[in-house]
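Data file: structure_36.pdb. Format and content: PDB, C-alpha atoms and all ligand atoms.
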```
ATOM      1  CA  MET A   1      85.839 204.220  77.201
ATOM      2  CA  THR A   2      84.641 205.454  73.795
ATOM      3  CA  GLU A   3      83.607 209.082  73.365
ATOM      4  CA  ILE A   4      79.880 209.669  73.001
ATOM      5  CA  GLN A   5      79.092 210.375  69.335
ATOM      6  CA  ARG A   6      75.564 209.025  68.940
ATOM      7  CA  VAL A   7      72.810 210.502  71.067
ATOM      8  CA  GLY A   8      69.170 209.497  71.398
ATOM      9  CA  VAL A   9      66.436 211.782  72.687
ATOM     10  CA  VAL A  10      63.077 210.357  73.774
ATOM     11  CA  GLY A  11      60.169 212.811  73.599
ATOM     12  CA  ALA A  12      59.626 215.604  71.078
ATOM     13  CA  GLY A  13      58.273 218.168  73.548
ATOM     14  CA  GLN A  14      59.960 221.531  74.034
ATOM     15  CA  MET A  15      62.791 220.113  76.169
ATOM     16  CA  GLY A  16      63.469 217.095  73.933
ATOM     17  CA  LEU A  17      63.553 219.317  70.856
ATOM     18  CA  GLY A  18      65.976 221.715  72.498
ATOM     19  CA  ILE A  19      68.257 218.865  73.604
ATOM     20  CA  ALA A  20      68.186 217.342  70.096
ATOM     21  CA  GLU A  21      68.993 220.720  68.541
ATOM     22  CA  VAL A  22      71.949 221.583  70.787
ATOM     23  CA  SER A  23      73.342 218.060  70.405
ATOM     24  CA  ALA A  24      73.172 218.241  66.597
ATOM     25  CA  ARG A  25      74.691 221.724  66.620
ATOM     26  CA  ALA A  26      77.549 220.305  68.699
ATOM     27  CA  GLY A  27      78.292 217.801  65.917
ATOM     28  CA  LEU A  28      76.615 214.741  67.412
ATOM     29  CA  ASP A  29      74.497 212.276  65.491
ATOM     30  CA  VAL A  30      70.955 212.453  66.937
ATOM     31  CA  VAL A  31      67.939 210.147  66.800
ATOM     32  CA  LEU A  32      64.809 211.792  68.226
ATOM     33  CA  THR A  33      61.863 209.546  69.047
ATOM     34  CA  ASP A  34      58.272 210.193  70.044
ATOM     35  CA  VAL A  35      55.340 207.775  70.310
ATOM     36  CA  SER A  36      53.281 210.039  68.085
ATOM     37  CA  GLU A  37      54.170 210.387  64.415
ATOM     38  CA  GLU A  38      52.500 213.789  64.407
ATOM     39  CA  ALA A  39      54.626 214.985  67.351
ATOM     40  CA  ALA A  40      57.820 213.690  65.722
ATOM     41  CA  LYS A  41      56.966 215.524  62.481
ATOM     42  CA  ALA A  42      55.944 218.737  64.249
ATOM     43  CA  GLY A  43      59.093 218.480  66.370
ATOM     44  CA  ARG A  44      61.263 218.247  63.307
ATOM     45  CA  SER A  45      59.781 221.386  61.808
ATOM     46  CA  ARG A  46      60.173 223.249  65.116
ATOM     47  CA  ILE A  47      63.868 222.344  65.212
ATOM     48  CA  TRP A  48      64.241 223.473  61.598
ATOM     49  CA  LYS A  49      62.562 226.779  62.510
ATOM     50  CA  SER A  50      64.850 227.267  65.502
ATOM     51  CA  LEU A  51      67.932 226.526  63.360
ATOM     52  CA  ASN A  52      66.733 229.054  60.784
ATOM     53  CA  ARG A  53      66.334 231.601  63.524
ATOM     54  CA  ALA A  54      69.928 230.904  64.614
ATOM     55  CA  VAL A  55      71.028 231.578  61.001
ATOM     56  CA  GLN A  56      69.060 234.842  60.912
ATOM     57  CA  LYS A  57      70.669 235.894  64.186
ATOM     58  CA  GLN A  58      74.055 235.036  62.613
ATOM     59  CA  LYS A  59      74.821 232.538  65.377
ATOM     60  CA  ILE A  60      75.424 229.761  62.849
ATOM     61  CA  SER A  61      76.059 229.694  59.093
ATOM     62  CA  GLU A  62      73.679 228.165  56.546
ATOM     63  CA  ALA A  63      76.189 225.331  56.128
ATOM     64  CA  ASP A  64      76.113 224.689  59.910
ATOM     65  CA  ARG A  65      72.324 224.618  59.815
ATOM     66  CA  ASP A  66      72.272 222.153  56.929
ATOM     67  CA  ALA A  67      74.833 219.937  58.664
ATOM     68  CA  ALA A  68      72.831 219.993  61.920
ATOM     69  CA  GLN A  69      69.667 219.044  60.016
ATOM     70  CA  GLU A  70      71.531 216.157  58.379
ATOM     71  CA  ARG A  71      72.521 214.887  61.812
ATOM     72  CA  ILE A  72      68.961 214.635  63.201
ATOM     73  CA  ARG A  73      66.675 211.700  62.420
ATOM     74  CA  CYS A  74      63.098 211.629  63.787
ATOM     75  CA  THR A  75      61.287 208.343  64.337
ATOM     76  CA  THR A  76      58.488 206.711  66.315
ATOM     77  CA  SER A  77      60.540 203.567  66.955
ATOM     78  CA  LEU A  78      62.447 203.316  70.237
ATOM     79  CA  ALA A  79      64.318 200.343  68.716
ATOM     80  CA  GLU A  80      66.238 202.806  66.521
ATOM     81  CA  LEU A  81      68.124 203.873  69.643
ATOM     82  CA  HIS A  82      69.950 200.510  69.748
ATOM     83  CA  ASP A  83      73.353 201.966  68.708
ATOM     84  CA  ARG A  84      73.311 205.092  70.902
ATOM     85  CA  GLY A  85      76.101 205.862  73.417
ATOM     86  CA  LEU A  86      73.812 208.195  75.380
ATOM     87  CA  VAL A  87      70.019 208.390  75.478
ATOM     88  CA  ILE A  88      68.303 211.330  77.179
ATOM     89  CA  GLU A  89      64.672 210.753  78.135
ATOM     90  CA  ALA A  90      62.513 213.914  78.023
ATOM     91  CA  VAL A  91      58.926 212.630  78.130
ATOM     92  CA  ALA A  92      56.112 213.992  80.328
ATOM     93  CA  GLU A  93      56.886 214.514  84.011
ATOM     94  CA  ASN A  94      55.136 211.317  85.117
ATOM     95  CA  GLU A  95      56.971 208.644  87.089
ATOM     96  CA  GLU A  96      55.134 205.662  85.617
ATOM     97  CA  VAL A  97      55.595 206.831  82.027
ATOM     98  CA  LYS A  98      59.275 207.584  82.573
ATOM     99  CA  ALA A  99      59.947 204.269  84.355
ATOM    100  CA  LYS A 100      58.367 202.422  81.425
ATOM    101  CA  VAL A 101      60.625 204.279  78.978
ATOM    102  CA  PHE A 102      63.687 203.287  81.046
ATOM    103  CA  THR A 103      62.668 199.619  81.093
ATOM    104  CA  GLU A 104      62.272 199.717  77.302
ATOM    105  CA  LEU A 105      65.555 201.587  76.788
ATOM    106  CA  ASP A 106      67.335 198.969  78.887
ATOM    107  CA  GLN A 107      66.050 196.348  76.464
ATOM    108  CA  VAL A 108      66.831 198.142  73.175
ATOM    109  CA  VAL A 109      70.119 199.995  73.802
ATOM    110  CA  GLY A 110      72.843 197.511  72.840
ATOM    111  CA  ASP A 111      76.049 199.280  73.920
ATOM    112  CA  PRO A 112      76.922 197.976  77.394
ATOM    113  CA  GLU A 113      78.733 201.277  78.115
ATOM    114  CA  ALA A 114      75.758 203.446  77.118
ATOM    115  CA  ILE A 115      74.417 206.030  79.551
ATOM    116  CA  LEU A 116      70.658 206.242  80.069
ATOM    117  CA  ALA A 117      69.821 209.741  81.272
ATOM    118  CA  SER A 118      66.658 211.523  82.294
ATOM    119  CA  ASN A 119      65.849 215.198  81.877
ATOM    120  CA  THR A 120      63.379 214.908  84.763
ATOM    121  CA  SER A 121      62.947 217.987  86.945
ATOM    122  CA  SER A 122      61.903 216.230  90.105
ATOM    123  CA  ILE A 123      61.383 212.469  89.836
ATOM    124  CA  PRO A 124      63.978 210.456  91.828
ATOM    125  CA  ILE A 125      66.702 209.144  89.502
ATOM    126  CA  ALA A 126      66.994 206.081  91.790
ATOM    127  CA  LYS A 127      63.438 205.071  90.832
ATOM    128  CA  LEU A 128      64.208 205.321  87.110
ATOM    129  CA  ALA A 129      67.501 203.452  87.643
ATOM    130  CA  SER A 130      65.600 200.665  89.404
ATOM    131  CA  ALA A 131      63.454 200.187  86.313
ATOM    132  CA  THR A 132      66.603 198.963  84.491
ATOM    133  CA  LYS A 133      69.211 196.233  84.928
ATOM    134  CA  ARG A 134      72.026 198.797  84.620
ATOM    135  CA  PRO A 135      71.405 201.277  87.459
ATOM    136  CA  ALA A 136      75.086 202.310  87.553
ATOM    137  CA  GLN A 137      74.627 203.864  84.098
ATOM    138  CA  VAL A 138      71.455 205.793  84.853
ATOM    139  CA  ILE A 139      71.764 209.495  85.737
ATOM    140  CA  GLY A 140      69.874 212.800  85.597
ATOM    141  CA  ILE A 141      71.009 215.354  83.004
ATOM    142  CA  HIS A 142      68.614 218.231  83.524
ATOM    143  CA  PHE A 143      68.457 221.065  80.982
ATOM    144  CA  PHE A 144      66.732 224.460  81.196
ATOM    145  CA  ASN A 145      64.236 226.051  78.862
ATOM    146  CA  PRO A 146      64.980 227.415  76.278
ATOM    147  CA  VAL A 147      67.733 224.802  75.963
ATOM    148  CA  PRO A 148      69.666 226.560  73.157
ATOM    149  CA  VAL A 149      69.893 229.731  75.269
ATOM    150  CA  LEU A 150      70.357 228.692  78.891
ATOM    151  CA  LYS A 151      73.833 227.550  79.848
ATOM    152  CA  LEU A 152      73.009 225.397  82.857
ATOM    153  CA  VAL A 153      72.781 221.627  83.142
ATOM    154  CA  GLU A 154      72.225 219.833  86.460
ATOM    155  CA  VAL A 155      74.015 216.485  86.641
ATOM    156  CA  VAL A 156      72.205 214.257  89.134
ATOM    157  CA  PRO A 157      73.724 210.904  90.129
ATOM    158  CA  SER A 158      71.526 208.593  92.196
ATOM    159  CA  LEU A 159      72.812 206.418  95.053
ATOM    160  CA  LEU A 160      73.295 203.700  92.416
ATOM    161  CA  THR A 161      75.086 205.731  89.718
ATOM    162  CA  GLY A 162      78.711 204.809  88.987
ATOM    163  CA  GLU A 163      81.374 207.512  89.322
ATOM    164  CA  GLN A 164      82.424 206.908  85.717
ATOM    165  CA  THR A 165      78.867 207.600  84.521
ATOM    166  CA  THR A 166      78.791 210.875  86.472
ATOM    167  CA  GLN A 167      82.133 211.937  85.028
ATOM    168  CA  ARG A 168      81.140 211.046  81.459
ATOM    169  CA  ALA A 169      77.790 212.835  81.767
ATOM    170  CA  THR A 170      79.504 215.945  83.167
ATOM    171  CA  ASP A 171      82.137 215.908  80.407
ATOM    172  CA  PHE A 172      79.410 215.467  77.805
ATOM    173  CA  ALA A 173      77.438 218.483  79.070
ATOM    174  CA  ALA A 174      80.494 220.694  79.553
ATOM    175  CA  ASP A 175      82.921 219.668  76.814
ATOM    176  CA  ARG A 176      80.586 218.517  74.033
ATOM    177  CA  LEU A 177      77.605 220.833  74.552
ATOM    178  CA  GLY A 178      79.483 223.757  76.086
ATOM    179  CA  LYS A 179      77.107 223.958  79.053
ATOM    180  CA  GLU A 180      77.951 224.809  82.645
ATOM    181  CA  ALA A 181      77.362 221.671  84.717
ATOM    182  CA  ILE A 182      76.488 221.707  88.399
ATOM    183  CA  ARG A 183      76.122 218.540  90.448
ATOM    184  CA  ALA A 184      73.011 218.027  92.552
ATOM    185  CA  GLN A 185      71.871 215.313  94.928
ATOM    186  CA  ASP A 186      68.990 213.052  93.906
ATOM    187  CA  ARG A 187      66.332 214.990  95.842
ATOM    188  CA  ALA A 188      63.059 216.215  94.315
ATOM    189  CA  GLY A 189      63.637 219.541  92.537
ATOM    190  CA  PHE A 190      67.445 219.164  92.633
ATOM    191  CA  VAL A 191      68.930 222.668  93.059
ATOM    192  CA  VAL A 192      67.170 225.007  90.664
ATOM    193  CA  ASN A 193      63.563 223.822  90.813
ATOM    194  CA  ALA A 194      63.753 223.419  94.602
ATOM    195  CA  LEU A 195      64.357 227.184  94.691
ATOM    196  CA  LEU A 196      62.355 228.273  91.635
ATOM    197  CA  VAL A 197      59.104 226.332  91.988
ATOM    198  CA  PRO A 198      58.115 227.617  95.488
ATOM    199  CA  TYR A 199      58.570 231.139  94.033
ATOM    200  CA  LEU A 200      56.326 230.348  91.036
ATOM    201  CA  LEU A 201      53.738 228.808  93.385
ATOM    202  CA  SER A 202      53.842 231.919  95.606
ATOM    203  CA  ALA A 203      53.132 234.107  92.569
ATOM    204  CA  ILE A 204      50.189 231.879  91.574
ATOM    205  CA  ARG A 205      48.878 232.064  95.164
ATOM    206  CA  MET A 206      49.091 235.876  94.945
ATOM    207  CA  VAL A 207      46.901 235.853  91.826
ATOM    208  CA  ASP A 208      44.552 233.343  93.478
ATOM    209  CA  ASN A 209      44.233 235.580  96.559
ATOM    210  CA  GLY A 210      43.685 238.730  94.499
ATOM    211  CA  VAL A 211      46.819 240.428  95.812
ATOM    212  CA  ALA A 212      47.765 241.665  92.329
ATOM    213  CA  SER A 213      47.171 240.855  88.661
ATOM    214  CA  ALA A 214      49.464 238.500  86.733
ATOM    215  CA  GLU A 215      50.721 241.476  84.675
ATOM    216  CA  ASP A 216      51.523 243.542  87.764
ATOM    217  CA  ILE A 217      53.313 240.647  89.491
ATOM    218  CA  ASP A 218      55.378 240.011  86.355
ATOM    219  CA  ASN A 219      56.141 243.700  85.878
ATOM    220  CA  GLY A 220      57.109 243.830  89.533
ATOM    221  CA  MET A 221      59.741 241.122  89.193
ATOM    222  CA  GLU A 222      60.932 242.150  85.718
ATOM    223  CA  LEU A 223      61.275 245.852  86.501
ATOM    224  CA  GLY A 224      61.910 245.681  90.226
ATOM    225  CA  CYS A 225      64.357 242.764  90.325
ATOM    226  CA  ALA A 226      65.619 242.678  86.699
ATOM    227  CA  HIS A 227      64.389 239.121  86.130
ATOM    228  CA  PRO A 228      64.224 238.414  82.371
ATOM    229  CA  MET A 229      60.668 237.113  82.842
ATOM    230  CA  GLY A 230      58.146 237.461  85.648
ATOM    231  CA  PRO A 231      57.012 234.290  87.461
ATOM    232  CA  LEU A 232      53.663 233.909  85.684
ATOM    233  CA  ARG A 233      55.098 234.392  82.203
ATOM    234  CA  LEU A 234      57.779 231.883  83.188
ATOM    235  CA  ALA A 235      55.221 229.384  84.552
ATOM    236  CA  ASP A 236      53.334 229.691  81.245
ATOM    237  CA  MET A 237      56.554 229.006  79.335
ATOM    238  CA  VAL A 238      57.521 225.974  81.458
ATOM    239  CA  GLY A 239      53.937 224.638  81.170
ATOM    240  CA  LEU A 240      51.451 224.724  84.054
ATOM    241  CA  ASP A 241      51.068 220.935  84.008
ATOM    242  CA  THR A 242      54.844 220.622  84.403
ATOM    243  CA  VAL A 243      54.915 223.202  87.213
ATOM    244  CA  LYS A 244      52.154 221.240  88.972
ATOM    245  CA  ALA A 245      53.931 217.902  88.430
ATOM    246  CA  ILE A 246      57.168 219.294  89.926
ATOM    247  CA  ALA A 247      55.246 220.807  92.862
ATOM    248  CA  ASP A 248      53.496 217.472  93.467
ATOM    249  CA  SER A 249      56.818 215.565  93.485
ATOM    250  CA  MET A 250      58.406 218.029  95.879
ATOM    251  CA  HIS A 251      55.325 218.074  98.123
ATOM    252  CA  ALA A 252      55.301 214.257  98.210
ATOM    253  CA  GLU A 253      58.996 214.229  99.136
ATOM    254  CA  TYR A 254      59.239 217.052 101.693
ATOM    255  CA  LYS A 255      55.616 217.380 102.928
ATOM    256  CA  ASP A 256      56.219 221.143 103.054
ATOM    257  CA  PRO A 257      52.969 223.094 102.478
ATOM    258  CA  GLY A 258      54.974 225.698 100.528
ATOM    259  CA  TYR A 259      55.329 223.072  97.764
ATOM    260  CA  ALA A 260      51.597 222.289  97.540
ATOM    261  CA  ALA A 261      50.010 223.275  94.218
ATOM    262  CA  PRO A 262      47.583 226.166  94.870
ATOM    263  CA  PRO A 263      43.923 225.546  93.900
ATOM    264  CA  LEU A 264      44.162 228.005  90.970
ATOM    265  CA  LEU A 265      47.033 225.992  89.451
ATOM    266  CA  GLN A 266      45.101 222.755  89.894
ATOM    267  CA  ARG A 267      41.969 224.199  88.265
ATOM    268  CA  MET A 268      43.932 225.665  85.343
ATOM    269  CA  VAL A 269      45.501 222.270  84.645
ATOM    270  CA  ASP A 270      42.046 220.612  84.968
ATOM    271  CA  ALA A 271      40.767 223.112  82.387
ATOM    272  CA  ASN A 272      43.711 222.401  80.041
ATOM    273  CA  LEU A 273      44.952 225.973  80.460
ATOM    274  CA  LEU A 274      48.583 224.906  80.346
ATOM    275  CA  GLY A 275      50.314 228.121  79.263
ATOM    276  CA  LYS A 276      52.142 228.705  76.004
ATOM    277  CA  LYS A 277      51.827 225.121  74.754
ATOM    278  CA  SER A 278      47.996 225.108  74.924
ATOM    279  CA  GLY A 279      47.636 228.756  73.805
ATOM    280  CA  ASN A 280      46.211 229.926  77.163
ATOM    281  CA  GLY A 281      47.471 230.218  80.689
ATOM    282  CA  PHE A 282      48.005 233.373  82.701
ATOM    283  CA  TYR A 283      48.288 234.976  79.251
ATOM    284  CA  GLU A 284      46.876 234.246  75.791
ATOM    285  CA  TYR A 285      49.201 233.197  72.987
ATOM    286  CA  GLY A 286      48.397 233.720  69.306
TER     287      GLY A 286
HETATM  288  N1  LIG B   1      65.268 228.926  71.180
HETATM  289  C1  LIG B   1      66.446 229.477  70.794
HETATM  290  N2  LIG B   1      66.802 230.759  71.062
HETATM  291  C2  LIG B   1      65.923 231.502  71.733
HETATM  292  C3  LIG B   1      64.673 231.004  72.158
HETATM  293  C4  LIG B   1      64.362 229.662  71.866
HETATM  294  N3  LIG B   1      63.216 229.097  72.234
HETATM  295  N4  LIG B   1      64.018 232.015  72.808
HETATM  296  C5  LIG B   1      64.839 233.075  72.787
HETATM  297  N5  LIG B   1      65.979 232.770  72.149
HETATM  298  C6  LIG B   1      67.158 233.640  71.975
HETATM  299  C7  LIG B   1      66.883 234.744  70.992
HETATM  300  O1  LIG B   1      67.228 234.336  69.688
HETATM  301  C8  LIG B   1      67.788 235.858  71.498
HETATM  302  O2  LIG B   1      69.105 235.677  71.030
HETATM  303  P1  LIG B   1      70.096 236.943  70.824
HETATM  304  O3  LIG B   1      70.206 237.640  72.158
HETATM  305  O4  LIG B   1      71.389 236.327  70.373
HETATM  306  O5  LIG B   1      69.442 237.787  69.799
HETATM  307  C9  LIG B   1      67.816 235.653  73.007
HETATM  308  O6  LIG B   1      67.431 234.305  73.225
HETATM  309  C10 LIG B   1      66.860 236.588  73.690
HETATM  310  O7  LIG B   1      65.570 236.374  73.109
HETATM  311  P2  LIG B   1      64.508 237.493  72.804
HETATM  312  O8  LIG B   1      65.214 238.815  72.554
HETATM  313  O9  LIG B   1      63.572 236.997  71.764
HETATM  314  O10 LIG B   1      63.635 237.559  74.100
HETATM  315  P3  LIG B   1      64.065 237.840  75.572
HETATM  316  O11 LIG B   1      65.232 238.750  75.676
HETATM  317  O12 LIG B   1      62.789 238.184  76.217
HETATM  318  O13 LIG B   1      64.580 236.407  76.095
HETATM  319  C11 LIG B   1      64.304 234.307  77.120
HETATM  320  C12 LIG B   1      63.762 235.281  76.095
HETATM  321  C13 LIG B   1      65.673 233.780  76.671
HETATM  322  C14 LIG B   1      63.312 233.165  77.195
HETATM  323  C15 LIG B   1      64.474 235.071  78.486
HETATM  324  O14 LIG B   1      63.270 235.752  78.796
HETATM  325  C16 LIG B   1      64.806 234.150  79.643
HETATM  326  O15 LIG B   1      65.941 233.717  79.798
HETATM  327  N6  LIG B   1      63.804 233.880  80.472
HETATM  328  C17 LIG B   1      63.964 233.037  81.678
HETATM  329  C18 LIG B   1      63.890 231.592  81.279
HETATM  330  C19 LIG B   1      64.071 230.698  82.464
HETATM  331  O16 LIG B   1      64.129 231.096  83.624
HETATM  332  N7  LIG B   1      64.124 229.411  82.167
HETATM  333  C20 LIG B   1      64.220 228.375  83.180
HETATM  334  C21 LIG B   1      62.908 227.698  83.304
HETATM  335  S1  LIG B   1      62.965 226.421  84.486
HETATM  336  C22 LIG B   1      63.371 225.073  83.607
HETATM  337  O17 LIG B   1      63.511 225.069  82.408
HETATM  338  C23 LIG B   1      63.509 223.814  84.397
HETATM  339  C24 LIG B   1      62.401 222.862  84.119
HETATM  340  O18 LIG B   1      62.647 221.676  84.832
HETATM  341  C25 LIG B   1      61.063 223.380  84.549
END
```
Would it be possible to restate this file's structure as C-alpha cells?
Amino acid sequence: MTEIQRVGVVGAGQMGLGIAEVSARAGLDVVLTDVSEEAAKAGRSRIWKSLNRAVQKQKISEADRDAAQERIRCTTSLAELHDRGLVIEAVAENEEVKAKVFTELDQVVGDPEAILASNTSSIPIAKLASATKRPAQVIGIHFFNPVPVLKLVEVVPSLLTGEQTTQRATDFAADRLGKEAIRAQDRAGFVVNALLVPYLLSAIRMVDNGVASAEDIDNGMELGCAHPMGPLRLADMVGLDTVKAIADSMHAEYKDPGYAAPPLLQRMVDANLLGKKSGNGFYEYG
C-alpha cells in the first residue's frame, strides 16, 4: 500500500481551506477545488494570509511558508483530482450536494487504492459511500474549526468501510497531520457534535426565550466554565446555517426534540444572518 502523498480537497470554505493548509504544511501536495472561480481565488488568498500569520507567530519559517504555498494548487476542475491518493470533501452540509460530489469523485479519481473521505459533521457516511462504486474506501475524516489550531480529528468508518481504509485514514490524521484521532460510529453528529450541538441549541433557545442576552450567556460560559468561547460566539464561528444543518440531521436521525432547531435559529438562517461568514449573526463582524 503506497503512502498518501497527494491530497485533494473539495470545497474552499473555512473547513476546506484549513484542511488544505494543514496538509500542505505537513509536506503533502494539495489540489484544492471549488465550483466557483471566485471562491477558489479568495480561498487561496485566505490560506496565504493564514500562513503569513503563522510566520508572524514564529510557528513556521518564511521558507516553510513558501514551500507550503508551492504545494497548493487551486482549481475549479474536479478532474484535476485524478492522481490523488486521498480526497477530502468539505462542501456545504447538504446530503444531495455531497452525494453528487462523491459520485463525481468516483468517476475522476484514478488510483484504485485512493480513499474518498468526507469532512461531514452529521451526514451518514454510508449514504455517501453508496453514491460510489467503492464503498469500502469511503470514510469520514472530520476536522474541527479552526483546523490549524484544534488537534482533534474524528475518523468515522461506515458499515461498508474496509478496515484497511480506517487504518490508513487514522494513520494519515495522526502520523502525517499530527492530529489526535478518535474513532466514532457512523451516527449523526458522531461524538463531538452530538454533545456540542444540543448545547449550542440550548443557548440559542435561551436568547429566543429572553432568559439572557447573547453577551451574558457567552460571558457566563467563558468566565464561569473557562470555555475559550461562549456558545453564541462559537455558533457564529461555525456558521448558523451549518449549526442548523447539523441539528436537522440529528433531529431526523434521533427524533429527539432537544435536537430541533429553535425558531430563532431558523429565522436567522432565513434572513441570511449566518454569523462570521455573512458579517452578522449573534454579533456583528467588521
Ligand atoms: N487559523 C490559524 N490559527 C488561528 C486561527 C485560525 N483561524 N484562529 C486562532 N488561531 C491561533 C492564533 O494564532 C493563536 O496562536 P498562538 O496561541 O500560538 O498565538 C491561537 O490560535 C489563539 O488565538 P487568539 O489568541 O487569536 O484567540 P483566542 O485565544 O481567542 O483563540 C480560538 C481563538 C482558537 C478560536 C479559541 O477561541 C477556540 O479554540 N475556540 C473554540 C473553538 C471550537 O470549539 N471549535 C470547534 C467548533 S465545532 C467544529 O468545528 C465541528 C464542525 O463540524 C461544526
* For segment 124-136 of chain A, work out the shell of residues within 10 Å, counting only C-alpha atoms and skipping chain neighbours fewer than 4 positions away, then give it as number ranges by chain. => A: 95-96, 98-107, 112-120, 140-141, 156-166, 185-190, 249, 253
* Which is closer to Ile204 of chain A than all the others in A:His251, A:Lys151, A:Arg183, A:Arg267, using all atoms listed in the file? -> A:Arg267
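The smallest atom-to-atom distance between Ala245 of chain A and any of A:Gln137, A:Gln167, A:Ser50, A:Gln266, using only C-alpha atoms, is found for A:Gln266.
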* Distance in Å - atom CA of Ala226 of chain A versus atom CA of Asn193 of chain A ->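 We find that atom CA of Ala226 of chain A and atom CA of Asn193 of chain A lie 19.4 Å from each other.
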Would you compute an axis-aligned box for ligand LIG 1 (chain B), covering every atom listed for it in the file with 4 Å of margin on each side, and report centre and edge lengths in Å to one decimal as lines of an AutoDock Vina configuration file?
```
center_x = 66.2
center_y = 230.2
center_z = 77.3
size_x = 18.3
size_y = 25.1
size_z = 23.1
```
* Asked: If we count all atoms listed in the file, what is near Gly281 of chain A at a cut-off of 8 Å, once residues fewer than 4 positions away on the same chain are taken out, given as a PyMOL selection string?
  -> chain A and resi 236+240+268+273-276
* When distances are computed from all atoms listed in the file, which of A:Asp241, A:Asp66, A:Asp111, A:Glu215 shows the smallest separation from ligand LIG 1 (chain B)? ->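 Checking each candidate against ligand LIG 1 (chain B), we get A:Asp241 as the closest.
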